[in-house]
Each structure stands twice: as C-alpha cells, then as structure tokens.
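K.L.:
Handing you this structure, nothing more for now.
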Amino acid sequence: MKRFLQKWLWKRREKETTNDLPGRLLRKLAPKRTRFAAVDIGTREIKMVEISATGGKTEVTAFCRVPAPVGELGEAVYEEALVNALCDMVLSSGIQTKEVITTIGGNKTITRHIHVPALPDRELEATVRLEAEKFIPAAVGELTIRYLKLGETNRAGERYLHLLLVAAPTTVVYDYYGVFTRAGLI
C-alpha cells in the first residue's frame with residue numbers, strides 16, 4: 001500500500017505541473033511544512049498517512065488503516081472509541097507529526113462554487129457570509145464558513161473571484177476538534 005501511495009503521489013505531482021485544478025487545490029490546502037499527516041474518518045475504516053516533502057520529492061513515510069468504530073459523532077461511546085483508534089494508529093504506524101489535516105464528511109458539510117466581484121481580503125470575508133445566506137438553508141450564525149480562492153474570471157470587463165464556499169455546523173467542527181485534541185493530534 002505504501003508503494004501504491006508513493007506512485008500515486010508521483011503521478012499527482014506530474015499532473016500538478018500541468019496546472020490542473022486538483023493540483024492547485026492540493027497545494028492550497030496542504031500545509032507549508034515539510035512533513036504532515038492526513039486522516040480520513042470513513043464509515044467503514046479510518047485511514048492515516050504521513051507524507052514528507054523534501055528536496056522536491058514527496059514520500060509516504062507512514063500509513064495505517066483500521067476499522068472505524070460504529071456510531072455517530074456526539075455519542076460519548078463513539079467519540080471515546082474514535083480517540084482510542086486514532087491513538088492506536090499513531091503508535092502502530094510510527095507517525096511522528098502531531099498536526100494533521102482532516103475533513104468533515106460530506107453529509108455534514110455544504111459546498112458551493114460562487115463568483116463574487118474581486119475585493120480586498122478584508123472585505124471578502126463579509127461578502128462570503130452574505131453569499132452564504134443565499135445558498136445555505138441553515139442559520140449562518142450556527143455555521144463555520146470558509147472559502148478557497150480557485151481563480152479569477154473576467155465578465156464584461158470586471159474581475160470576479162471564483163470561490164469554493166464550505167460550511168459546516170460549528171458544533172460538528174468543535175466535536176472533531178475535541179476528538180483530535182484528546183488523541184494528541186493537535
């Protein structure tokens with residue numbers, strides 16, 4: 001599996017040089033560090049990988065997967081089982097970094113592609129929140145909202161930003177944060 005991931009990363013890096021959207025997203029989302037870990041908590045299994053990037057080379061330094069506990073975030077028994085699984089994965093895989101990248105499952109998040117007039121960053125945050133109210137069928141005050149700049153376009157001589165808008169319930173974000181903190185991964 002480790003060899004497969006190394007080949008996948010090599011192919012991914014080759015694709016990134018062609019200026020494709022997935023490559024640009026990966027570069028924007030990945031931390032600027034030389035070593036980082038990623039965790040995917042699925043319904044059937046949890047996967048954890050550590051990647052080292054040095055001298056222009058990317059290498060998988062550790063990988064682990066275990067069956068996911070049964071339950072839902074918010075249930076004390078499930079959260080405890082999840083913390084234990086993450087701790088066991090770190091110990092058994094040899095992952096050294098304590099800062100990880102993770103995602104919140106698709107059924108708990110809302111994503112939208114939006115276009116807004118090009119604005120300075122300090123004004124963009126307020127504009128994104130106003131746009132979110134149009135697209136998200138939930139109280140914006142109860143959501144954690146983030147955006148990622150995907151590019152710029154010109155329409156009728158005006159510049160527009162193409163953004164990926166992501167929103168998740170703040171309670172879910174804090175639940176995940178609590179699990180990763182208790183597992184020693186933050």
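Chain lettering (A, B, ...) mirrors the order of the structure tokens, residue numbering begins at 1 for each chain separately, and ligand numbering begins at 1 in order of display.
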Would you kindly return, as a PyMOL selection string, each protein, DNA or RNA residue with an atom no farther than 7 Å from any atom of A:Ala53, considering only C-alpha atoms and excluding same-chain residues fewer than 4 positions away?

P.N.:
chain A and resi 34-35+57-59

K.L.:
Based on the selection just made, write all heavy atoms of those residues as a tab-separated table (two decimals), in the first residue's frame.

P.N.:
chain	number	residue	atom	x	y	z
A	34	THR	N	7.21	20.59	5.82
A	34	THR	CA	7.84	19.53	5.03
A	34	THR	C	7.32	18.16	5.43
A	34	THR	O	7.56	17.19	4.73
A	34	THR	CB	9.37	19.57	5.21
A	34	THR	OG1	9.68	19.43	6.59
A	34	THR	CG2	9.95	20.86	4.67
A	35	ARG	N	6.62	18.05	6.53
A	35	ARG	CA	6.07	16.78	6.98
A	35	ARG	C	4.67	17.04	7.53
A	35	ARG	O	4.49	17.91	8.37
A	35	ARG	CB	6.95	16.17	8.06
A	35	ARG	CG	6.47	14.84	8.59
A	35	ARG	CD	7.42	14.30	9.64
A	35	ARG	NE	8.69	13.93	9.06
A	35	ARG	CZ	9.03	12.68	8.74
A	35	ARG	NH1	8.22	11.71	8.99
A	35	ARG	NH2	10.21	12.42	8.22
A	57	LYS	N	10.98	16.19	-3.55
A	57	LYS	CA	10.44	14.83	-3.58
A	57	LYS	C	9.39	14.67	-2.48
A	57	LYS	O	9.54	15.20	-1.38
A	57	LYS	CB	11.55	13.81	-3.34
A	57	LYS	CG	12.47	13.61	-4.49
A	57	LYS	CD	13.41	12.48	-4.19
A	57	LYS	CE	13.87	11.84	-5.47
A	57	LYS	NZ	14.57	10.61	-5.21
A	58	THR	N	8.36	13.94	-2.82
A	58	THR	CA	7.31	13.64	-1.85
A	58	THR	C	7.36	12.15	-1.55
A	58	THR	O	7.42	11.34	-2.47
A	58	THR	CB	5.93	14.01	-2.42
A	58	THR	OG1	5.96	15.38	-2.83
A	58	THR	CG2	4.85	13.84	-1.39
A	59	GLU	N	7.33	11.81	-0.26
A	59	GLU	CA	7.44	10.41	0.13
A	59	GLU	C	6.44	10.09	1.23
A	59	GLU	O	6.26	10.87	2.17
A	59	GLU	CB	8.86	10.13	0.63
A	59	GLU	CG	9.06	8.71	1.07
A	59	GLU	CD	10.46	8.48	1.63
A	59	GLU	OE1	11.25	9.42	1.74
A	59	GLU	OE2	10.73	7.33	1.99

K.L.:
What are the closest atom pairs, with distances in Å to one decimal, for all residues of stretch 32-141 of chain A lying within 8 Å of stretch 160-183 of chain A? Consider only C-alpha atoms, order rows by chain and residue number, and present the result as JSON lines.

P.N.:
{"residue": "A:Leu73", "atom": "CA", "partner": "A:Asp175", "partner_atom": "CA", "distance": 7.0}
{"residue": "A:Gly74", "atom": "CA", "partner": "A:Asp175", "partner_atom": "CA", "distance": 6.9}
{"residue": "A:Glu79", "atom": "CA", "partner": "A:Val179", "partner_atom": "CA", "distance": 6.5}
{"residue": "A:Glu80", "atom": "CA", "partner": "A:Val179", "partner_atom": "CA", "distance": 8.0}
{"residue": "A:Leu82", "atom": "CA", "partner": "A:Val179", "partner_atom": "CA", "distance": 7.3}
{"residue": "A:Val83", "atom": "CA", "partner": "A:Ala183", "partner_atom": "CA", "distance": 5.1}
{"residue": "A:Asn84", "atom": "CA", "partner": "A:Ala183", "partner_atom": "CA", "distance": 7.2}
{"residue": "A:Leu86", "atom": "CA", "partner": "A:Ala183", "partner_atom": "CA", "distance": 6.2}
{"residue": "A:Cys87", "atom": "CA", "partner": "A:Ala183", "partner_atom": "CA", "distance": 5.5}
{"residue": "A:Ile104", "atom": "CA", "partner": "A:Val173", "partner_atom": "CA", "distance": 7.8}
{"residue": "A:Lys108", "atom": "CA", "partner": "A:Ala168", "partner_atom": "CA", "distance": 6.2}
{"residue": "A:Thr109", "atom": "CA", "partner": "A:Ala168", "partner_atom": "CA", "distance": 4.6}
{"residue": "A:Ile110", "atom": "CA", "partner": "A:Ala167", "partner_atom": "CA", "distance": 5.2}
{"residue": "A:Thr111", "atom": "CA", "partner": "A:Val166", "partner_atom": "CA", "distance": 4.5}
{"residue": "A:Arg112", "atom": "CA", "partner": "A:Leu165", "partner_atom": "CA", "distance": 5.1}
{"residue": "A:His113", "atom": "CA", "partner": "A:Leu164", "partner_atom": "CA", "distance": 4.7}
{"residue": "A:Ile114", "atom": "CA", "partner": "A:Leu163", "partner_atom": "CA", "distance": 5.3}
{"residue": "A:His115", "atom": "CA", "partner": "A:His162", "partner_atom": "CA", "distance": 4.7}
{"residue": "A:Val116", "atom": "CA", "partner": "A:Tyr160", "partner_atom": "CA", "distance": 5.3}
{"residue": "A:Pro117", "atom": "CA", "partner": "A:Tyr160", "partner_atom": "CA", "distance": 4.3}
{"residue": "A:Ala118", "atom": "CA", "partner": "A:Tyr160", "partner_atom": "CA", "distance": 4.9}
{"residue": "A:Val128", "atom": "CA", "partner": "A:Leu165", "partner_atom": "CA", "distance": 7.7}
{"residue": "A:Ala132", "atom": "CA", "partner": "A:Leu165", "partner_atom": "CA", "distance": 7.7}

K.L.:
Can you tell me, as a ChimeraX atom specification, which residues in stretch 132-184 of chain A count as strand (DSSP E) by DSSP?

P.N.:
/A:143-155,158-169

K.L.:
Suppose we keep N, CA and C atoms; can you now write the selection as a PDB file, in the first residue's frame?

P.N.:
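Listing of selection-v2.pdb after writing:
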ATOM      1  N   LEU A 143     -22.948  28.208  11.741  1.00  0.00           N
ATOM      2  CA  LEU A 143     -22.042  27.501  10.834  1.00  0.00           C
ATOM      3  C   LEU A 143     -20.633  28.073  10.890  1.00  0.00           C
ATOM      4  N   THR A 144     -19.664  27.222  10.664  1.00  0.00           N
ATOM      5  CA  THR A 144     -18.298  27.659  10.418  1.00  0.00           C
ATOM      6  C   THR A 144     -18.162  27.719   8.909  1.00  0.00           C
ATOM      7  N   ILE A 145     -17.852  28.892   8.383  1.00  0.00           N
ATOM      8  CA  ILE A 145     -17.803  29.107   6.937  1.00  0.00           C
ATOM      9  C   ILE A 145     -16.376  29.459   6.531  1.00  0.00           C
ATOM     10  N   ARG A 146     -15.889  28.758   5.526  1.00  0.00           N
ATOM     11  CA  ARG A 146     -14.570  29.027   4.970  1.00  0.00           C
ATOM     12  C   ARG A 146     -14.688  29.073   3.454  1.00  0.00           C
ATOM     13  N   TYR A 147     -13.699  29.663   2.824  1.00  0.00           N
ATOM     14  CA  TYR A 147     -13.688  29.702   1.364  1.00  0.00           C
ATOM     15  C   TYR A 147     -12.262  29.519   0.872  1.00  0.00           C
ATOM     16  N   LEU A 148     -12.169  29.101  -0.373  1.00  0.00           N
ATOM     17  CA  LEU A 148     -10.889  28.905  -1.027  1.00  0.00           C
ATOM     18  C   LEU A 148     -10.953  29.571  -2.388  1.00  0.00           C
ATOM     19  N   LYS A 149      -9.978  30.420  -2.685  1.00  0.00           N
ATOM     20  CA  LYS A 149      -9.940  31.083  -3.994  1.00  0.00           C
ATOM     21  C   LYS A 149      -9.473  30.079  -5.042  1.00  0.00           C
ATOM     22  N   LEU A 150     -10.310  29.854  -6.041  1.00  0.00           N
ATOM     23  CA  LEU A 150      -9.977  28.913  -7.103  1.00  0.00           C
ATOM     24  C   LEU A 150      -9.425  29.605  -8.345  1.00  0.00           C
ATOM     25  N   GLY A 151      -9.674  30.895  -8.460  1.00  0.00           N
ATOM     26  CA  GLY A 151      -9.171  31.623  -9.623  1.00  0.00           C
ATOM     27  C   GLY A 151      -9.935  32.914  -9.836  1.00  0.00           C
ATOM     28  N   GLU A 152      -9.627  33.565 -10.940  1.00  0.00           N
ATOM     29  CA  GLU A 152     -10.298  34.812 -11.306  1.00  0.00           C
ATOM     30  C   GLU A 152     -10.879  34.679 -12.703  1.00  0.00           C
ATOM     31  N   THR A 153     -11.963  35.391 -12.946  1.00  0.00           N
ATOM     32  CA  THR A 153     -12.567  35.439 -14.278  1.00  0.00           C
ATOM     33  C   THR A 153     -12.898  36.894 -14.597  1.00  0.00           C
ATOM     34  N   ASN A 154     -13.077  37.164 -15.857  1.00  0.00           N
ATOM     35  CA  ASN A 154     -13.490  38.493 -16.304  1.00  0.00           C
ATOM     36  C   ASN A 154     -14.860  38.378 -16.953  1.00  0.00           C
ATOM     37  N   ARG A 155     -15.774  39.228 -16.525  1.00  0.00           N
ATOM     38  CA  ARG A 155     -17.110  39.291 -17.110  1.00  0.00           C
ATOM     39  C   ARG A 155     -17.412  40.742 -17.436  1.00  0.00           C
ATOM     40  N   GLU A 158     -15.162  43.260 -15.936  1.00  0.00           N
ATOM     41  CA  GLU A 158     -14.989  43.306 -14.480  1.00  0.00           C
ATOM     42  C   GLU A 158     -14.388  42.000 -13.988  1.00  0.00           C
ATOM     43  N   ARG A 159     -13.519  42.105 -12.974  1.00  0.00           N
ATOM     44  CA  ARG A 159     -12.888  40.921 -12.392  1.00  0.00           C
ATOM     45  C   ARG A 159     -13.799  40.286 -11.344  1.00  0.00           C
ATOM     46  N   TYR A 160     -13.903  38.970 -11.407  1.00  0.00           N
ATOM     47  CA  TYR A 160     -14.659  38.200 -10.424  1.00  0.00           C
ATOM     48  C   TYR A 160     -13.767  37.108  -9.870  1.00  0.00           C
ATOM     49  N   LEU A 161     -13.977  36.791  -8.596  1.00  0.00           N
ATOM     50  CA  LEU A 161     -13.259  35.691  -7.966  1.00  0.00           C
ATOM     51  C   LEU A 161     -14.130  34.451  -7.995  1.00  0.00           C
ATOM     52  N   HIS A 162     -13.526  33.333  -8.367  1.00  0.00           N
ATOM     53  CA  HIS A 162     -14.210  32.043  -8.309  1.00  0.00           C
ATOM     54  C   HIS A 162     -13.816  31.422  -6.972  1.00  0.00           C
ATOM     55  N   LEU A 163     -14.790  31.202  -6.107  1.00  0.00           N
ATOM     56  CA  LEU A 163     -14.534  30.701  -4.759  1.00  0.00           C
ATOM     57  C   LEU A 163     -15.233  29.370  -4.533  1.00  0.00           C
ATOM     58  N   LEU A 164     -14.615  28.533  -3.724  1.00  0.00           N
ATOM     59  CA  LEU A 164     -15.277  27.344  -3.214  1.00  0.00           C
ATOM     60  C   LEU A 164     -15.698  27.677  -1.792  1.00  0.00           C
ATOM     61  N   LEU A 165     -16.985  27.711  -1.569  1.00  0.00           N
ATOM     62  CA  LEU A 165     -17.558  28.034  -0.263  1.00  0.00           C
ATOM     63  C   LEU A 165     -17.843  26.729   0.462  1.00  0.00           C
ATOM     64  N   VAL A 166     -17.384  26.617   1.700  1.00  0.00           N
ATOM     65  CA  VAL A 166     -17.599  25.410   2.503  1.00  0.00           C
ATOM     66  C   VAL A 166     -18.168  25.834   3.848  1.00  0.00           C
ATOM     67  N   ALA A 167     -19.220  25.131   4.268  1.00  0.00           N
ATOM     68  CA  ALA A 167     -19.828  25.435   5.567  1.00  0.00           C
ATOM     69  C   ALA A 167     -20.122  24.134   6.299  1.00  0.00           C
ATOM     70  N   ALA A 168     -19.912  24.155   7.598  1.00  0.00           N
ATOM     71  CA  ALA A 168     -20.214  23.007   8.448  1.00  0.00           C
ATOM     72  C   ALA A 168     -20.755  23.537   9.769  1.00  0.00           C
ATOM     73  N   PRO A 169     -21.644  22.790  10.404  1.00  0.00           N
ATOM     74  CA  PRO A 169     -22.141  23.225  11.711  1.00  0.00           C
ATOM     75  C   PRO A 169     -20.983  23.384  12.698  1.00  0.00           C
TER      76      PRO A 169
END

K.L.:
So, counting only C-alpha atoms, which residue among A:Leu130, A:Leu185, A:Ile41, A:Ile136 is closest to A:Val70?

P.N.:
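Closest to A:Val70 of all the choices is A:Ile41.
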
K.L.:
Report, in Å to a single decimal, how far apart atom CA of A:Gly106 and atom CA of A:Ser93 are.

P.N.:
26.7 Å

K.L.:
Tell me, which residues of chain A carry DSSP alpha helix (DSSP H), written as a PyMOL selection string?

P.N.:
chain A and resi 2-16+21-29+76-93+121-135+170-182
